[in-house]
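S.K.: Contents are mmCIF, C-alpha atoms and all ligand atoms; file name my_file_2.cif:
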data_target
#
loop_
_atom_site.label_atom_id
_atom_site.label_comp_id
_atom_site.auth_asym_id
_atom_site.auth_seq_id
_atom_site.Cartn_x
_atom_site.Cartn_y
_atom_site.Cartn_z
CA MET A 1 -145.42 58.20 -45.13
CA LYS A 2 -143.32 60.79 -47.01
CA ILE A 3 -142.08 59.76 -50.46
CA PRO A 4 -139.24 61.92 -51.85
CA GLN A 5 -140.26 63.85 -54.99
CA ASP A 6 -137.49 62.34 -57.11
CA PHE A 7 -138.24 58.77 -55.99
CA VAL A 8 -139.95 56.72 -58.72
CA LEU A 9 -143.06 54.86 -57.53
CA GLY A 10 -144.12 52.22 -60.01
CA VAL A 11 -146.04 49.03 -60.52
CA ALA A 12 -144.88 45.89 -62.34
CA THR A 13 -146.32 43.06 -64.45
CA ALA A 14 -145.02 40.37 -66.82
CA ALA A 15 -146.31 39.42 -70.27
CA TYR A 16 -147.12 35.72 -69.81
CA GLN A 17 -148.84 36.40 -66.50
CA ILE A 18 -151.35 38.95 -67.82
CA GLU A 19 -151.59 39.23 -71.63
CA GLY A 20 -153.31 36.00 -72.69
CA THR A 21 -151.58 33.98 -75.42
CA ARG A 22 -154.95 33.34 -77.08
CA PHE A 23 -154.88 36.95 -78.26
CA GLY A 24 -152.73 38.16 -81.15
CA ASP A 25 -150.13 36.24 -83.09
CA VAL A 26 -147.90 34.61 -80.50
CA GLY A 27 -145.74 31.51 -80.85
CA PRO A 28 -145.77 28.70 -78.29
CA SER A 29 -143.49 29.05 -75.27
CA HIS A 30 -142.10 26.49 -72.87
CA TRP A 31 -144.58 27.71 -70.26
CA ASP A 32 -147.47 26.56 -72.49
CA SER A 33 -145.86 23.12 -72.70
CA PHE A 34 -145.00 22.95 -68.97
CA ALA A 35 -148.57 23.84 -68.02
CA ALA A 36 -150.02 21.30 -70.47
CA GLN A 37 -147.82 18.58 -68.98
CA GLY A 38 -149.17 19.27 -65.48
CA GLY A 39 -146.44 21.62 -64.25
CA THR A 40 -149.06 23.98 -62.81
CA ILE A 41 -152.00 23.60 -60.45
CA GLY A 42 -154.84 22.06 -62.47
CA ARG A 43 -152.88 22.51 -65.71
CA GLN A 44 -153.84 26.21 -65.59
CA ASN A 45 -152.02 28.31 -68.18
CA GLY A 46 -151.58 31.76 -69.70
CA ASP A 47 -154.09 31.30 -72.55
CA VAL A 48 -156.40 34.04 -71.28
CA ALA A 49 -154.77 35.28 -68.05
CA CYS A 50 -156.01 38.87 -67.50
CA ALA A 51 -156.79 39.43 -71.21
CA HIS A 52 -154.46 42.41 -70.96
CA TYR A 53 -153.72 42.14 -74.69
CA GLU A 54 -157.32 43.34 -75.19
CA LYS A 55 -157.68 45.46 -72.06
CA TRP A 56 -154.33 47.26 -72.08
CA LEU A 57 -155.94 50.72 -72.36
CA GLU A 58 -158.08 50.08 -69.27
CA ASP A 59 -155.00 48.79 -67.46
CA LEU A 60 -152.94 51.86 -68.33
CA ASP A 61 -155.81 54.02 -67.07
CA LEU A 62 -155.66 52.09 -63.80
CA ILE A 63 -151.94 52.80 -63.45
CA ALA A 64 -152.55 56.49 -64.08
CA HIS A 65 -155.48 56.47 -61.63
CA GLY A 66 -153.17 54.93 -59.00
CA ASN A 67 -150.87 57.97 -59.38
CA PHE A 68 -147.92 55.77 -60.30
CA ASP A 69 -144.92 57.42 -61.94
CA ALA A 70 -143.77 54.31 -63.78
CA TYR A 71 -144.84 51.00 -65.28
CA ARG A 72 -142.54 47.97 -65.51
CA PHE A 73 -143.79 45.51 -68.14
CA SER A 74 -142.18 42.67 -70.07
CA VAL A 75 -142.13 41.82 -73.75
CA ALA A 76 -143.18 38.30 -74.77
CA TRP A 77 -140.33 36.98 -76.93
CA PRO A 78 -142.68 34.65 -78.88
CA ARG A 79 -144.79 37.66 -79.93
CA ILE A 80 -141.71 39.20 -81.57
CA GLN A 81 -140.26 35.96 -82.97
CA ARG A 82 -142.60 32.96 -82.90
CA ASP A 83 -139.65 30.56 -82.99
CA GLY A 84 -137.08 32.85 -81.35
CA ARG A 85 -135.03 33.22 -84.52
CA GLU A 86 -137.12 34.56 -87.41
CA ALA A 87 -137.38 38.20 -88.53
CA PRO A 88 -139.27 40.33 -85.98
CA ARG A 89 -143.03 40.37 -86.44
CA ALA A 90 -144.78 43.69 -86.94
CA GLU A 91 -147.88 42.73 -84.97
CA GLY A 92 -145.92 41.96 -81.81
CA LEU A 93 -143.80 45.09 -82.03
CA ASP A 94 -146.90 47.20 -82.75
CA PHE A 95 -148.55 45.98 -79.55
CA TYR A 96 -145.69 47.12 -77.33
CA ASP A 97 -145.22 50.27 -79.38
CA GLN A 98 -148.76 51.40 -78.61
CA LEU A 99 -148.39 50.30 -74.97
CA VAL A 100 -145.31 52.50 -74.58
CA ASP A 101 -146.99 55.45 -76.28
CA GLY A 102 -150.09 54.91 -74.14
CA ALA A 103 -148.01 54.98 -70.96
CA LEU A 104 -146.18 58.13 -72.01
CA ALA A 105 -149.44 59.85 -72.96
CA ARG A 106 -150.59 59.29 -69.37
CA GLY A 107 -147.36 60.64 -67.88
CA ILE A 108 -146.10 57.16 -66.94
CA GLU A 109 -142.44 56.15 -67.53
CA PRO A 110 -142.20 52.81 -69.40
CA HIS A 111 -139.60 50.36 -68.00
CA CYS A 112 -139.19 47.32 -70.22
CA THR A 113 -137.97 43.81 -69.28
CA LEU A 114 -136.94 41.67 -72.25
CA TYR A 115 -137.01 38.19 -70.70
CA HIS A 116 -139.56 37.31 -68.04
CA TRP A 117 -139.55 33.58 -68.74
CA ASP A 118 -141.63 32.96 -71.88
CA LEU A 119 -138.93 31.19 -73.90
CA PRO A 120 -140.05 30.28 -77.44
CA GLN A 121 -140.73 26.52 -77.49
CA ALA A 122 -138.65 26.12 -80.66
CA LEU A 123 -135.57 27.20 -78.67
CA ALA A 124 -136.58 25.03 -75.71
CA ASP A 125 -136.67 22.09 -78.15
CA LYS A 126 -133.01 22.74 -78.96
CA GLY A 127 -131.97 22.66 -75.30
CA GLY A 128 -133.28 26.03 -74.09
CA TRP A 129 -130.97 27.62 -71.51
CA GLU A 130 -128.66 24.60 -71.57
CA ASN A 131 -127.71 25.56 -75.12
CA GLN A 132 -125.50 28.63 -75.64
CA ASP A 133 -127.18 29.33 -78.98
CA THR A 134 -130.20 30.51 -76.99
CA ALA A 135 -128.03 33.30 -75.55
CA LYS A 136 -127.02 34.36 -79.07
CA TYR A 137 -130.62 34.42 -80.32
CA PHE A 138 -131.56 36.39 -77.22
CA ALA A 139 -129.10 39.14 -78.16
CA ASP A 140 -130.71 39.44 -81.64
CA TYR A 141 -134.14 39.66 -80.05
CA CYS A 142 -132.94 42.40 -77.63
CA ALA A 143 -131.75 44.45 -80.61
CA HIS A 144 -135.08 44.03 -82.45
CA VAL A 145 -137.08 45.31 -79.50
CA SER A 146 -134.69 48.16 -78.79
CA ASP A 147 -134.74 49.21 -82.45
CA ARG A 148 -138.46 49.73 -82.24
CA LEU A 149 -139.11 50.93 -78.67
CA GLY A 150 -135.73 52.13 -77.49
CA ASP A 151 -136.22 55.83 -78.19
CA ARG A 152 -139.07 56.02 -75.63
CA LEU A 153 -138.10 53.65 -72.82
CA ALA A 154 -137.03 54.90 -69.39
CA SER A 155 -135.01 51.72 -68.87
CA VAL A 156 -134.45 48.28 -70.27
CA ALA A 157 -133.70 45.12 -68.26
CA THR A 158 -132.31 42.09 -70.04
CA VAL A 159 -133.42 39.29 -67.73
CA ASN A 160 -135.81 38.98 -64.80
CA GLU A 161 -134.62 36.79 -61.90
CA PRO A 162 -131.87 34.57 -63.35
CA TRP A 163 -132.07 32.31 -60.24
CA CYS A 164 -135.61 31.35 -61.25
CA VAL A 165 -134.63 30.84 -64.89
CA ALA A 166 -131.77 28.56 -63.87
CA TRP A 167 -131.99 26.92 -60.43
CA LEU A 168 -135.74 26.95 -59.80
CA SER A 169 -136.42 25.64 -63.31
CA HIS A 170 -133.54 23.18 -63.85
CA PHE A 171 -132.60 21.93 -60.36
CA LEU A 172 -135.78 22.28 -58.29
CA GLY A 173 -138.08 21.61 -61.26
CA HIS A 174 -140.76 24.06 -60.14
CA HIS A 175 -140.81 26.17 -63.32
CA ALA A 176 -140.53 25.39 -67.03
CA PRO A 177 -138.87 23.26 -68.28
CA GLY A 178 -139.27 21.42 -64.95
CA LYS A 179 -135.88 19.68 -64.82
CA ARG A 180 -134.27 18.27 -61.67
CA ASP A 181 -130.73 17.88 -62.88
CA LEU A 182 -127.55 19.47 -61.49
CA SER A 183 -125.78 19.34 -64.84
CA ALA A 184 -128.63 21.13 -66.62
CA ALA A 185 -128.86 23.65 -63.77
CA ALA A 186 -125.14 24.47 -63.88
CA LYS A 187 -125.33 25.20 -67.61
CA ALA A 188 -128.41 27.36 -67.17
CA MET A 189 -126.79 29.20 -64.21
CA HIS A 190 -124.06 30.35 -66.57
CA ASN A 191 -125.91 30.63 -69.87
CA ILE A 192 -128.61 32.95 -68.57
CA LEU A 193 -125.88 35.35 -67.42
CA TYR A 194 -124.11 34.95 -70.75
CA ALA A 195 -127.41 35.80 -72.47
CA HIS A 196 -127.64 38.90 -70.30
CA GLY A 197 -124.09 39.85 -71.31
CA LEU A 198 -124.65 39.37 -75.04
CA GLY A 199 -128.01 41.13 -74.82
CA ALA A 200 -126.53 44.07 -72.90
CA ALA A 201 -123.69 44.35 -75.45
CA ALA A 202 -126.18 44.39 -78.34
CA LEU A 203 -128.19 47.10 -76.59
CA ARG A 204 -125.03 49.11 -75.87
CA ASP A 205 -124.04 48.88 -79.55
CA LEU A 206 -127.37 50.53 -80.34
CA GLY A 207 -126.43 53.44 -78.08
CA ARG A 208 -128.60 52.62 -75.08
CA LYS A 209 -127.67 54.23 -71.75
CA ASP A 210 -130.28 52.69 -69.47
CA ILE A 211 -129.38 49.00 -69.39
CA GLY A 212 -129.87 46.85 -66.30
CA ILE A 213 -130.75 43.41 -65.00
CA VAL A 214 -133.20 42.34 -62.30
CA LEU A 215 -132.00 39.94 -59.57
CA ASN A 216 -134.17 38.31 -56.93
CA MET A 217 -132.69 37.81 -53.49
CA GLU A 218 -133.93 35.85 -50.51
CA TYR A 219 -132.65 36.28 -46.96
CA ALA A 220 -131.16 32.97 -45.77
CA ALA A 221 -131.27 32.40 -42.01
CA PRO A 222 -129.74 29.31 -40.36
CA ALA A 223 -132.21 27.19 -38.35
CA THR A 224 -129.79 27.04 -35.39
CA ASP A 225 -126.33 28.26 -34.52
CA ARG A 226 -124.84 24.86 -35.38
CA GLU A 227 -121.99 25.02 -37.88
CA ALA A 228 -123.79 22.63 -40.26
CA ASP A 229 -126.95 24.77 -40.36
CA ARG A 230 -124.93 27.94 -40.87
CA HIS A 231 -123.16 26.20 -43.74
CA ALA A 232 -126.50 25.16 -45.31
CA ALA A 233 -127.70 28.78 -45.13
CA ALA A 234 -124.43 30.06 -46.60
CA ILE A 235 -124.68 27.64 -49.54
CA PHE A 236 -128.27 28.72 -50.19
CA ASP A 237 -127.12 32.35 -50.09
CA GLY A 238 -124.35 31.46 -52.52
CA ILE A 239 -126.63 29.82 -55.07
CA TYR A 240 -129.49 32.29 -54.76
CA ASN A 241 -127.80 35.61 -54.02
CA ARG A 242 -124.01 35.61 -54.51
CA TRP A 243 -123.70 33.59 -57.73
CA PHE A 244 -125.35 36.19 -59.94
CA ILE A 245 -124.24 39.46 -58.39
CA GLU A 246 -120.60 38.34 -58.05
CA ALA A 247 -120.46 37.31 -61.70
CA LEU A 248 -122.06 40.58 -62.79
CA THR A 249 -119.97 42.90 -60.63
CA LYS A 250 -116.69 41.01 -60.11
CA GLY A 251 -116.55 38.79 -63.17
CA ALA A 252 -116.09 35.68 -60.99
CA TYR A 253 -118.32 33.04 -59.44
CA PRO A 254 -118.22 32.39 -55.66
CA SER A 255 -115.76 29.54 -55.09
CA ASP A 256 -117.93 27.64 -52.56
CA ILE A 257 -120.59 27.15 -55.25
CA LEU A 258 -118.34 26.95 -58.28
CA GLU A 259 -116.54 23.91 -56.87
CA HIS A 260 -119.82 21.96 -57.19
CA LEU A 261 -121.04 23.37 -60.51
CA GLU A 262 -117.75 23.64 -62.40
CA PRO A 263 -117.70 20.02 -63.67
CA HIS A 264 -121.01 20.68 -65.47
CA MET A 265 -120.36 24.16 -66.85
CA PRO A 266 -120.30 24.82 -70.62
CA VAL A 267 -116.89 24.55 -72.27
CA GLY A 268 -115.14 27.92 -72.40
CA TRP A 269 -117.27 29.56 -69.71
CA GLN A 270 -114.21 31.34 -68.27
CA ASP A 271 -113.77 33.33 -71.50
CA GLN A 272 -117.32 34.65 -71.21
CA MET A 273 -117.01 36.21 -67.75
CA GLN A 274 -115.93 39.57 -69.13
CA THR A 275 -119.04 39.73 -71.29
CA ILE A 276 -121.14 38.95 -68.22
CA ALA A 277 -119.43 41.60 -66.08
CA GLN A 278 -119.66 44.52 -68.49
CA PRO A 279 -120.70 47.88 -66.99
CA LEU A 280 -124.42 48.47 -66.40
CA ASP A 281 -126.47 51.61 -65.84
CA TRP A 282 -128.62 50.29 -62.99
CA MET A 283 -129.58 47.13 -61.18
CA GLY A 284 -132.97 45.91 -59.93
CA LEU A 285 -133.72 43.92 -56.78
CA ASN A 286 -136.84 41.78 -56.40
CA TYR A 287 -137.38 40.99 -52.75
CA TYR A 288 -140.19 39.06 -51.08
CA THR A 289 -139.16 36.97 -48.08
CA ARG A 290 -136.61 35.13 -45.96
CA SER A 291 -136.19 31.38 -45.50
CA ILE A 292 -134.79 29.16 -42.74
CA HIS A 293 -132.14 26.54 -43.57
CA ALA A 294 -130.99 23.39 -41.83
CA ASP A 295 -128.38 20.84 -42.78
CA ASP A 296 -130.17 17.92 -44.48
CA GLY A 297 -127.66 15.34 -43.26
CA THR A 298 -126.95 13.94 -46.76
CA GLY A 299 -123.52 15.47 -47.21
CA ILE A 300 -124.57 16.10 -50.82
CA PHE A 301 -124.59 19.55 -52.45
CA PRO A 302 -126.59 21.77 -51.82
CA PHE A 303 -126.70 20.23 -48.30
CA GLY A 304 -129.76 22.05 -46.92
CA GLN A 305 -133.48 21.82 -46.42
CA THR A 306 -135.86 24.65 -45.60
CA GLN A 307 -137.90 24.79 -42.41
CA ILE A 308 -141.07 26.66 -41.54
CA GLY A 309 -140.22 29.90 -39.77
CA PRO A 310 -142.04 31.69 -36.94
CA LEU A 311 -142.92 35.02 -38.63
CA PRO A 312 -146.36 36.00 -40.06
CA LYS A 313 -146.81 34.53 -43.55
CA THR A 314 -148.42 35.30 -46.88
CA SER A 315 -150.93 32.86 -48.39
CA MET A 316 -147.98 31.17 -50.12
CA GLY A 317 -146.36 30.51 -46.74
CA TRP A 318 -143.64 33.12 -47.34
CA GLU A 319 -142.44 34.80 -44.16
CA VAL A 320 -142.93 38.56 -43.99
CA TYR A 321 -139.52 40.06 -43.20
CA PRO A 322 -139.13 43.70 -44.30
CA GLU A 323 -135.72 43.96 -42.61
CA GLY A 324 -134.40 41.75 -45.41
CA LEU A 325 -135.13 44.40 -48.02
CA GLN A 326 -133.03 47.02 -46.24
CA TYR A 327 -130.35 44.40 -45.62
CA PHE A 328 -130.04 43.47 -49.32
CA LEU A 329 -130.09 47.06 -50.58
CA GLU A 330 -127.29 47.96 -48.18
CA ARG A 331 -125.35 44.77 -48.91
CA MET A 332 -125.60 45.25 -52.70
CA HIS A 333 -124.45 48.85 -52.44
CA ARG A 334 -121.65 48.16 -49.94
CA ASP A 335 -120.24 44.90 -51.32
CA TYR A 336 -121.03 44.96 -55.03
CA THR A 337 -122.66 47.86 -56.84
CA GLY A 338 -121.14 51.00 -55.25
CA ASN A 339 -122.61 54.09 -56.88
CA LEU A 340 -124.69 52.18 -59.43
CA PRO A 341 -128.35 53.29 -59.20
CA LEU A 342 -130.60 50.63 -57.71
CA TYR A 343 -134.34 50.03 -57.98
CA VAL A 344 -136.61 47.73 -56.05
CA THR A 345 -138.17 46.24 -59.18
CA GLU A 346 -140.62 43.90 -57.39
CA ASN A 347 -142.03 43.54 -53.90
CA GLY A 348 -145.45 42.36 -52.80
CA MET A 349 -147.47 39.58 -51.18
CA ALA A 350 -150.04 36.96 -52.11
CA LEU A 351 -153.37 36.68 -50.32
CA HIS A 352 -156.61 34.86 -51.09
CA ASP A 353 -158.55 38.09 -51.62
CA LYS A 354 -162.32 38.25 -52.11
CA VAL A 355 -164.45 41.12 -53.37
CA ALA A 356 -167.05 42.31 -50.83
CA ASP A 357 -169.32 45.35 -51.19
CA GLY A 358 -167.52 46.37 -54.37
CA GLY A 359 -164.04 46.47 -52.80
CA VAL A 360 -161.26 44.33 -51.38
CA ASP A 361 -160.05 44.92 -47.84
CA ASP A 362 -156.45 43.68 -47.99
CA ALA A 363 -155.19 45.36 -44.82
CA GLN A 364 -152.43 42.79 -44.40
CA ARG A 365 -151.03 43.68 -47.83
CA VAL A 366 -151.22 47.41 -47.02
CA GLY A 367 -149.12 46.70 -43.93
CA TYR A 368 -146.66 44.67 -46.00
CA PHE A 369 -146.20 47.51 -48.50
CA ARG A 370 -145.93 50.17 -45.80
CA ASP A 371 -143.23 48.25 -43.93
CA HIS A 372 -141.23 47.30 -47.03
CA LEU A 373 -141.40 50.77 -48.51
CA ALA A 374 -140.18 52.15 -45.17
CA ALA A 375 -137.30 49.63 -45.21
CA ALA A 376 -136.37 50.68 -48.75
CA LEU A 377 -136.42 54.37 -47.83
CA ALA A 378 -134.34 53.66 -44.71
CA ALA A 379 -131.68 52.12 -46.96
CA ARG A 380 -131.83 55.22 -49.15
CA ASP A 381 -131.45 57.45 -46.10
CA ALA A 382 -128.42 55.37 -45.15
CA GLY A 383 -126.77 56.27 -48.46
CA VAL A 384 -127.92 53.60 -50.92
CA PRO A 385 -128.50 55.21 -54.35
CA LEU A 386 -132.03 53.82 -54.51
CA LYS A 387 -133.98 55.52 -57.29
CA GLY A 388 -137.37 53.86 -57.06
CA TYR A 389 -139.71 51.08 -56.00
CA PHE A 390 -142.12 48.98 -58.09
CA ALA A 391 -144.97 47.10 -56.42
CA TRP A 392 -145.72 43.56 -57.59
CA SER A 393 -148.22 43.49 -59.12
CA LEU A 394 -150.76 45.72 -60.85
CA LEU A 395 -153.25 42.87 -61.33
CA ASP A 396 -153.95 39.47 -59.84
CA ASN A 397 -152.45 37.19 -62.47
CA PHE A 398 -151.10 33.79 -63.49
CA GLU A 399 -148.74 32.95 -60.62
CA TRP A 400 -146.72 30.35 -62.56
CA ALA A 401 -146.85 26.87 -60.95
CA PHE A 402 -149.61 28.10 -58.61
CA GLY A 403 -151.87 29.07 -61.52
CA TYR A 404 -154.54 31.56 -60.52
CA SER A 405 -154.81 30.47 -56.89
CA GLU A 406 -152.44 33.08 -55.48
CA ARG A 407 -153.33 36.76 -55.83
CA PHE A 408 -150.57 39.40 -55.78
CA GLY A 409 -152.54 42.25 -57.38
CA LEU A 410 -153.24 45.76 -56.18
CA VAL A 411 -156.28 45.27 -58.38
CA HIS A 412 -158.49 42.19 -58.06
CA VAL A 413 -159.29 40.34 -61.29
CA ASP A 414 -162.47 38.28 -61.68
CA TYR A 415 -161.19 35.72 -64.19
CA ASP A 416 -164.72 34.86 -65.40
CA THR A 417 -165.69 38.40 -66.34
CA GLN A 418 -162.25 40.10 -66.44
CA THR A 419 -163.65 42.77 -64.10
CA ARG A 420 -160.95 44.79 -62.35
CA THR A 421 -161.60 45.92 -58.74
CA PRO A 422 -158.99 48.09 -57.01
CA LYS A 423 -158.08 46.84 -53.54
CA GLU A 424 -157.26 48.92 -50.45
CA SER A 425 -153.57 48.43 -51.30
CA PHE A 426 -154.19 50.26 -54.58
CA ARG A 427 -155.67 53.17 -52.59
CA PHE A 428 -152.60 53.09 -50.34
CA PHE A 429 -150.33 53.82 -53.33
CA GLN A 430 -152.82 56.27 -54.83
CA ASN A 431 -152.62 58.34 -51.65
CA LEU A 432 -148.83 58.37 -51.47
CA ARG A 433 -148.64 61.04 -54.18
O1 LIG B 1 -145.06 36.42 -60.00
C1 LIG B 1 -143.69 36.43 -59.77
C2 LIG B 1 -142.95 37.21 -60.84
O2 LIG B 1 -143.21 36.71 -62.11
C3 LIG B 1 -141.47 37.16 -60.60
N1 LIG B 1 -141.13 37.53 -59.27
C4 LIG B 1 -141.87 36.91 -58.19
C5 LIG B 1 -143.36 37.03 -58.43
C6 LIG B 1 -144.15 36.38 -57.27
O3 LIG B 1 -143.85 35.03 -57.17
#
Can you give me the file's structure in the form of structure tokens?

M.R.:
Amino acid sequence: MKIPQDFVLGVATAAYQIEGTRFGDVGPSHWDSFAAQGGTIGRQNGDVACAHYEKWLEDLDLIAHGNFDAYRFSVAWPRIQRDGREAPRAEGLDFYDQLVDGALARGIEPHCTLYHWDLPQALADKGGWENQDTAKYFADYCAHVSDRLGDRLASVATVNEPWCVAWLSHFLGHHAPGKRDLSAAAKAMHNILYAHGLGAAALRDLGRKDIGIVLNMEYAAPATDREADRHAAAIFDGIYNRWFIEALTKGAYPSDILEHLEPHMPVGWQDQMQTIAQPLDWMGLNYYTRSIHADDGTGIFPFGQTQIGPLPKTSMGWEVYPEGLQYFLERMHRDYTGNLPLYVTENGMALHDKVADGGVDDAQRVGYFRDHLAAALAARDAGVPLKGYFAWSLLDNFEWAFGYSERFGLVHVDYDTQTRTPKESFRFFQNLR
């Protein structure tokens, strides 16, 4: 497979999933509380995770050894401000400062995400993403991090996957804070975008020219050709895919979704759309799978239920559908982002990998990466300004509600000994350069 010279090949992680909150001076986050209340398999949590806070030098060496051009990491907000509001803490900033310098010293571009879900518990106690004050505190936090690291970052993303922050966490209840409430979800659907807008404005005021946001998108296929099933799939597409990108690029929410969420939206939301839709320097797409949708017969929004599809699946039951990656890159470019540079900021698959004879034979994952990378490059060949691709993830890690049961890493982690073992998929990337 031929990778263009100017195409960035990277690998991604997120703070709560790898660092270990037992290490260093970090405030409690709503993920600690959610896990403790049984929101995760076996109440597993991020206390130790991959002990990356202690092993970050070894992990940077791995990235260099894999011949990656770039590393996408996230900053844990409660390491910078234990309660989300206080003055920034030197210890937290020092950690990321040395991480960035360590990456650069190895010839690796650092790409920083500011919010990958570890909301300080003190802000969650005041309503979290249902409260617009959280968006204002987020902008202050963005400025603190940029002040310290900004001169050396290749890019900065405000928020990772606003759909997960809002819908998955406040309507479906699968992620912290585990709510199942349309009113809470509607507020979060808007407030996380408002936080992005205020954060991006604060970063712009500091002179940054590399500001983006990372959206996740899932291909929605109707179960049959029936009108009701096609409607269910369209509504899913609206909530998951169109809501965020239309607000960001057109300054308006899709009307078929807004009609259901509008009664619950925060007062004055209309006046905040311009802040949300301010110009960006790039946009990231996280893509994993497609899902099949059927009308659920209730006549109640969001009308649909998912069905098991026929394609090969990952260990999480996610269908493998590389065509969806090309589809979304072309759709984003054509319908929304025009000449804005795009990155695939996450893509990967979970398997129940085991170490044997000192290695991990994850041939299925190698096939997944080969096919998705080919789909991404096909979109680029078709004219999409796609600048790079980040594999998810460097290490097996804390997979949120699934705890440690699902492994996405290019590198296997033995959680008892913290031994890292590169898998065949790691070799696949190593040999691309
Ligand atoms: O592990 C997550 C990551 O935190 C966000 N994107 C999807 C990944 C796999 O579920």

S.K.: What is the distance between CA of Cys50 in chain A and CA of His175 in chain A, in Å to one decimal?

M.R.: 20.2 Å

S.K.: Taking a cut-off of 8 Å and counting only C-alpha atoms and all ligand atoms, can you build a table that, for each residue of chain A near ligand LIG 1 (chain B), reports the nearest atom pair and how far apart they are in Å (one decimal), sorted by chain then residue number, as CSV?

M.R.:
residue,atom,partner,partner_atom,distance
A:Thr13,CA,B:LIG1,O2,7.4
A:Ala14,CA,B:LIG1,O2,6.2
A:Gln17,CA,B:LIG1,O2,7.1
A:His116,CA,B:LIG1,O2,7.0
A:Asn160,CA,B:LIG1,C3,7.3
A:Glu161,CA,B:LIG1,C3,7.0
A:Asn216,CA,B:LIG1,N1,7.4
A:Asn286,CA,B:LIG1,N1,6.7
A:Tyr288,CA,B:LIG1,C4,7.6
A:Glu346,CA,B:LIG1,N1,6.7
A:Asn347,CA,B:LIG1,C4,7.9
A:Gly348,CA,B:LIG1,C6,7.6
A:Met349,CA,B:LIG1,C6,7.6
A:Ala350,CA,B:LIG1,C6,7.9
A:Trp392,CA,B:LIG1,C5,7.0
A:Ser393,CA,B:LIG1,O1,7.8
A:Asn397,CA,B:LIG1,O1,7.8
A:Phe398,CA,B:LIG1,O1,7.5
A:Glu399,CA,B:LIG1,O1,5.1
A:Trp400,CA,B:LIG1,O1,6.8
A:Phe408,CA,B:LIG1,C6,7.2

S.K.: So that each row is one residue of range 43-148 of chain A with an atom at most 10 Å from range 425-428 of chain A, can you give its shortest atom pair and the distance in Å to one decimal, using all atoms listed in the file, rows by chain and rising number, as a Markdown table?

M.R.:
| residue | atom | partner | partner_atom | distance |
| --- | --- | --- | --- | --- |
| A:Leu62 | CA | A:Phe426 | CA | 9.5 |
| A:Ile63 | CA | A:Phe426 | CA | 9.5 |
| A:His65 | CA | A:Phe426 | CA | 9.5 |
| A:Gly66 | CA | A:Phe426 | CA | 6.5 |
| A:Asn67 | CA | A:Arg427 | CA | 9.6 |

S.K.: Can you spit out the residues from that selection as an mmCIF file, in the coordinates of the input, using C-alpha atoms?

M.R.:
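So the final result, stored in out-v6.cif, reads:
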data_model
loop_
_atom_site.group_PDB
_atom_site.id
_atom_site.type_symbol
_atom_site.label_atom_id
_atom_site.label_comp_id
_atom_site.auth_asym_id
_atom_site.auth_seq_id
_atom_site.Cartn_x
_atom_site.Cartn_y
_atom_site.Cartn_z
ATOM 1 C CA LEU A 62 -155.660 52.090 -63.800
ATOM 2 C CA ILE A 63 -151.940 52.800 -63.450
ATOM 3 C CA HIS A 65 -155.480 56.470 -61.630
ATOM 4 C CA GLY A 66 -153.170 54.930 -59.000
ATOM 5 C CA ASN A 67 -150.870 57.970 -59.380
#

S.K.: Just give me the gap between CA of Ala247 in chain A and CA of Asp83 in chain A in Å, one decimal is fine.

M.R.: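 If I compute the distance from CA of Ala247 in chain A to CA of Asp83 in chain A, I get 29.4 Å.
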
S.K.: (-140.6, 26.1, -82.2) in this file's frame - what residues fall within 10 Å of it? Use all atoms listed in the file and give the answer as a list in words.

M.R.: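 Counting all atoms listed in the file, I find these residues within 10 Å of (-140.6, 26.1, -82.2): Gly27, Pro28, Ser29, His30, Pro78, Gln81, Arg82, Asp83, Gly84, Arg85, Leu119, Pro120, Gln121, Ala122, Leu123, Ala124, Asp125 and Lys126 of chain A.
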
S.K.: Taking C-alpha atoms for each residue, export the selection above as a PDB file, keeping the file's coordinate frame.

M.R.:
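Below you can see again16.pdb, which holds the result:
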ATOM      1  CA  GLY A  27    -145.740  31.510 -80.850  1.00  0.00           C
ATOM      2  CA  PRO A  28    -145.770  28.700 -78.290  1.00  0.00           C
ATOM      3  CA  SER A  29    -143.490  29.050 -75.270  1.00  0.00           C
ATOM      4  CA  HIS A  30    -142.100  26.490 -72.870  1.00  0.00           C
ATOM      5  CA  PRO A  78    -142.680  34.650 -78.880  1.00  0.00           C
ATOM      6  CA  GLN A  81    -140.260  35.960 -82.970  1.00  0.00           C
ATOM      7  CA  ARG A  82    -142.600  32.960 -82.900  1.00  0.00           C
ATOM      8  CA  ASP A  83    -139.650  30.560 -82.990  1.00  0.00           C
ATOM      9  CA  GLY A  84    -137.080  32.850 -81.350  1.00  0.00           C
ATOM     10  CA  ARG A  85    -135.030  33.220 -84.520  1.00  0.00           C
ATOM     11  CA  LEU A 119    -138.930  31.190 -73.900  1.00  0.00           C
ATOM     12  CA  PRO A 120    -140.050  30.280 -77.440  1.00  0.00           C
ATOM     13  CA  GLN A 121    -140.730  26.520 -77.490  1.00  0.00           C
ATOM     14  CA  ALA A 122    -138.650  26.120 -80.660  1.00  0.00           C
ATOM     15  CA  LEU A 123    -135.570  27.200 -78.670  1.00  0.00           C
ATOM     16  CA  ALA A 124    -136.580  25.030 -75.710  1.00  0.00           C
ATOM     17  CA  ASP A 125    -136.670  22.090 -78.150  1.00  0.00           C
ATOM     18  CA  LYS A 126    -133.010  22.740 -78.960  1.00  0.00           C
TER      19      LYS A 126
END

S.K.: Select, from A:Ala277, A:Met217, A:Ala234, A:Leu432, the residue with the minimum atom-to-atom distance to Ile257 in chain A, counting only C-alpha atoms.

M.R.: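 Using only C-alpha atoms, the shortest distance to Ile257 in chain A belongs to A:Ala234.
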